[in-house]
Amino acid sequence: LNAMQVATADVIGTDGHRRLCRHEGWAYMCLWGPPLIFVTPNLADSKQPLLLIVQGEEIRLDESLENDDVLPKYRDMLRRLARDPVGQTVMFELVMRMFSLHVLGVRPECLQNRRGSNRSSMREWCSDGVAASTTACGIFGHILAFRGELEAQGRGSLHPHILIWLLGLPLHLVLRLLK
């Protein structure tokens, strides 16, 4: 059974993959201690104009989104989501990328790393190797590391469970950032 779980570790949704994710989580905790923050962004994908754009619809964003003519009704949006899982995934990936870049303050090259792939070249020099940008602080502060799994909700939409490890800054630097 152990050999079968190792062999299926790259197949998403299998027990082998869940075991691999669990071991990676433990490895992060052994390296950096317990995470300080747990975040579960839950997108309101049934109210996203971005889904319509991904599906090729023309949306006038200069008009008020509260106007009933701009977005389809809630039931129609749910049907669109159910009929187009690829469009939903493209929209989800784009929104999560923007969340990571602008809310968490993660460098773009840190989002490109896939399991088992080579690291891309760094855009800027970072001597400490942390994920956070050296020029901008995210909503939680500077991030040392982050990881998380994706899962489907009851209605079929995706959402992540993100564990975040923060970079411990000296108190005088924290006070200067808060000024």
# chains A, B, ... in the order shown; residues from 1 in each chain; ligands from 1

call {"tool": "residues_around", "arguments": {"residues": "Gln48 (chain A)", "least_positions_apart": "4", "cutoff": "9 Å", "atoms": "only C-alpha atoms", "output": "MDAnalysis selection string"}}
result
chainID A and resid 43:44 52 71 77 91

call {"tool": "write_last_selection", "arguments": {"atoms": "all heavy atoms", "output": "mmCIF file, in the first residue's frame"}}
result
data_model
loop_
_atom_site.group_PDB
_atom_site.id
_atom_site.type_symbol
_atom_site.label_atom_id
_atom_site.label_comp_id
_atom_site.auth_asym_id
_atom_site.auth_seq_id
_atom_site.Cartn_x
_atom_site.Cartn_y
_atom_site.Cartn_z
ATOM 1 N N LEU A 43 -14.221 33.067 -3.141
ATOM 2 C CA LEU A 43 -14.646 33.966 -4.202
ATOM 3 C C LEU A 43 -16.141 33.841 -4.459
ATOM 4 O O LEU A 43 -16.680 32.742 -4.486
ATOM 5 C CB LEU A 43 -13.902 33.633 -5.496
ATOM 6 C CG LEU A 43 -12.388 33.573 -5.398
ATOM 7 C CD1 LEU A 43 -11.802 33.156 -6.725
ATOM 8 C CD2 LEU A 43 -11.827 34.885 -4.945
ATOM 9 N N ALA A 44 -16.757 34.953 -4.686
ATOM 10 C CA ALA A 44 -18.158 34.949 -5.093
ATOM 11 C C ALA A 44 -18.195 34.808 -6.606
ATOM 12 O O ALA A 44 -18.501 35.743 -7.341
ATOM 13 C CB ALA A 44 -18.843 36.230 -4.634
ATOM 14 N N LEU A 52 -17.560 36.209 -17.195
ATOM 15 C CA LEU A 52 -18.152 36.541 -18.497
ATOM 16 C C LEU A 52 -17.075 36.973 -19.481
ATOM 17 O O LEU A 52 -17.135 36.631 -20.664
ATOM 18 C CB LEU A 52 -19.200 37.638 -18.325
ATOM 19 C CG LEU A 52 -20.365 37.284 -17.400
ATOM 20 C CD1 LEU A 52 -21.242 38.490 -17.162
ATOM 21 C CD2 LEU A 52 -21.159 36.131 -17.963
ATOM 22 N N LEU A 71 -24.951 42.218 -15.520
ATOM 23 C CA LEU A 71 -24.683 40.820 -15.189
ATOM 24 C C LEU A 71 -25.943 39.982 -15.352
ATOM 25 O O LEU A 71 -27.042 40.451 -15.076
ATOM 26 C CB LEU A 71 -24.210 40.694 -13.736
ATOM 27 C CG LEU A 71 -22.805 41.141 -13.417
ATOM 28 C CD1 LEU A 71 -22.536 40.980 -11.928
ATOM 29 C CD2 LEU A 71 -21.785 40.379 -14.208
ATOM 30 N N MET A 77 -25.847 32.694 -13.904
ATOM 31 C CA MET A 77 -24.405 32.636 -13.613
ATOM 32 C C MET A 77 -24.020 31.260 -13.071
ATOM 33 O O MET A 77 -22.956 30.729 -13.427
ATOM 34 C CB MET A 77 -24.022 33.726 -12.611
ATOM 35 C CG MET A 77 -24.009 35.120 -13.188
ATOM 36 S SD MET A 77 -22.749 35.350 -14.461
ATOM 37 C CE MET A 77 -21.281 35.482 -13.463
ATOM 38 N N MET A 91 -10.555 31.867 -14.460
ATOM 39 C CA MET A 91 -10.940 33.009 -13.639
ATOM 40 C C MET A 91 -10.392 32.855 -12.217
ATOM 41 O O MET A 91 -9.836 33.790 -11.652
ATOM 42 C CB MET A 91 -12.459 33.145 -13.596
ATOM 43 C CG MET A 91 -12.934 34.276 -12.712
ATOM 44 S SD MET A 91 -14.646 34.137 -12.198
ATOM 45 C CE MET A 91 -14.635 32.691 -11.188
#

call {"tool": "closest_residue", "arguments": {"among": "A:His23, A:Gly56, A:Cys30, A:Leu1", "to": "Asp84 (chain A)", "atoms": "only C-alpha atoms"}}
result
A:Gly56

call {"tool": "closest_atom_pairs", "arguments": {"of": "region 7-99 of chain A", "to": "region 147-161 of chain A", "cutoff": "8 Å", "atoms": "only C-alpha atoms", "output": "CSV"}}
result
residue,atom,partner,partner_atom,distance
A:Cys21,CA,A:Glu149,CA,7.7
A:Gly25,CA,A:Arg147,CA,7.8
A:Phe38,CA,A:His161,CA,7.1
A:Val39,CA,A:His161,CA,6.0
A:Thr40,CA,A:His161,CA,4.9
A:Pro41,CA,A:His159,CA,6.5
A:Asn42,CA,A:His159,CA,5.7
A:Leu43,CA,A:His159,CA,7.2
A:Asp45,CA,A:Ser157,CA,7.4
A:Ala82,CA,A:Gly156,CA,7.6
A:Gln88,CA,A:Ser157,CA,7.8
A:Thr89,CA,A:Leu158,CA,7.8
A:Phe92,CA,A:Leu158,CA,7.2

call {"tool": "atom_distance", "arguments": {"atom1": "CA of Met98 (chain A)", "atom2": "CA of Thr14 (chain A)"}}
result
28.9 Å

call {"tool": "decode", "arguments": {"residues": "region 21-105 of chain A", "atoms": "C-alpha atoms", "output": "compact mmCIF listing (two decimals), in the first residue's frame"}}
result
# COMPACT_ATOMS: atom_id res chain seq x y z
CA CYS A 21 0.48 17.33 0.67
CA ARG A 22 0.29 16.38 4.34
CA HIS A 23 4.02 15.52 4.39
CA GLU A 24 4.86 18.81 2.67
CA GLY A 25 2.85 20.67 5.31
CA TRP A 26 4.78 18.90 8.06
CA ALA A 27 8.06 19.75 6.32
CA TYR A 28 7.12 23.43 6.26
CA MET A 29 6.27 23.29 9.97
CA CYS A 30 9.57 21.54 10.79
CA LEU A 31 11.45 24.23 8.88
CA TRP A 32 9.60 27.38 10.04
CA GLY A 33 7.43 26.31 12.98
CA PRO A 34 3.64 26.48 13.09
CA PRO A 35 2.02 28.92 10.65
CA LEU A 36 0.71 32.15 12.13
CA ILE A 37 -2.13 32.73 9.68
CA PHE A 38 -4.76 30.53 8.05
CA VAL A 39 -6.63 32.15 5.14
CA THR A 40 -9.50 30.77 3.06
CA PRO A 41 -10.41 33.26 0.33
CA ASN A 42 -13.88 32.37 -0.85
CA LEU A 43 -14.65 33.97 -4.20
CA ALA A 44 -18.16 34.95 -5.09
CA ASP A 45 -17.70 33.42 -8.53
CA SER A 46 -21.40 33.51 -9.29
CA LYS A 47 -21.18 37.32 -9.16
CA GLN A 48 -17.92 37.73 -11.08
CA PRO A 49 -17.95 39.80 -14.27
CA LEU A 50 -14.52 38.27 -14.94
CA LEU A 51 -16.18 34.91 -15.70
CA LEU A 52 -18.15 36.54 -18.50
CA ILE A 53 -14.97 38.13 -19.88
CA VAL A 54 -13.16 34.76 -19.80
CA GLN A 55 -16.13 33.23 -21.66
CA GLY A 56 -15.83 35.86 -24.40
CA GLU A 57 -18.76 38.06 -23.41
CA GLU A 58 -18.44 41.79 -23.79
CA ILE A 59 -18.94 43.58 -20.47
CA ARG A 60 -19.08 47.34 -20.13
CA LEU A 61 -17.30 47.96 -16.83
CA ASP A 62 -17.86 51.70 -17.12
CA GLU A 63 -21.55 51.06 -16.43
CA SER A 64 -22.79 50.40 -12.92
CA LEU A 65 -22.55 46.70 -12.03
CA GLU A 66 -25.67 47.09 -9.95
CA ASN A 67 -27.65 47.68 -13.12
CA ASP A 68 -29.66 44.55 -13.86
CA ASP A 69 -28.62 44.56 -17.53
CA VAL A 70 -24.86 44.23 -16.91
CA LEU A 71 -24.68 40.82 -15.19
CA PRO A 72 -26.94 37.83 -15.82
CA LYS A 73 -29.23 36.67 -13.04
CA TYR A 74 -27.80 34.52 -10.24
CA ARG A 75 -29.26 31.25 -11.63
CA ASP A 76 -27.85 32.01 -15.10
CA MET A 77 -24.41 32.64 -13.61
CA LEU A 78 -24.58 29.31 -11.74
CA ARG A 79 -25.45 27.55 -15.00
CA ARG A 80 -22.53 29.28 -16.75
CA LEU A 81 -20.19 28.11 -13.99
CA ALA A 82 -21.46 24.53 -14.22
CA ARG A 83 -21.18 24.43 -18.03
CA ASP A 84 -17.69 25.95 -18.20
CA PRO A 85 -15.30 24.47 -15.61
CA VAL A 86 -12.28 25.56 -17.69
CA GLY A 87 -13.44 29.19 -17.73
CA GLN A 88 -14.11 28.99 -14.01
CA THR A 89 -10.60 27.63 -13.41
CA VAL A 90 -8.99 30.35 -15.55
CA MET A 91 -10.94 33.01 -13.64
CA PHE A 92 -10.05 31.42 -10.28
CA GLU A 93 -6.35 31.23 -11.15
CA LEU A 94 -6.27 34.88 -12.20
CA VAL A 95 -8.11 36.11 -9.09
CA MET A 96 -5.90 34.01 -6.78
CA ARG A 97 -2.78 35.31 -8.55
CA MET A 98 -3.99 38.90 -7.96
CA PHE A 99 -4.81 38.02 -4.33
CA SER A 100 -1.29 36.66 -3.79
CA LEU A 101 0.43 39.58 -5.52
CA HIS A 102 -1.58 42.51 -4.18
CA VAL A 103 -3.11 41.37 -0.89
CA LEU A 104 -0.39 39.07 0.42
CA GLY A 105 2.50 40.97 -1.22
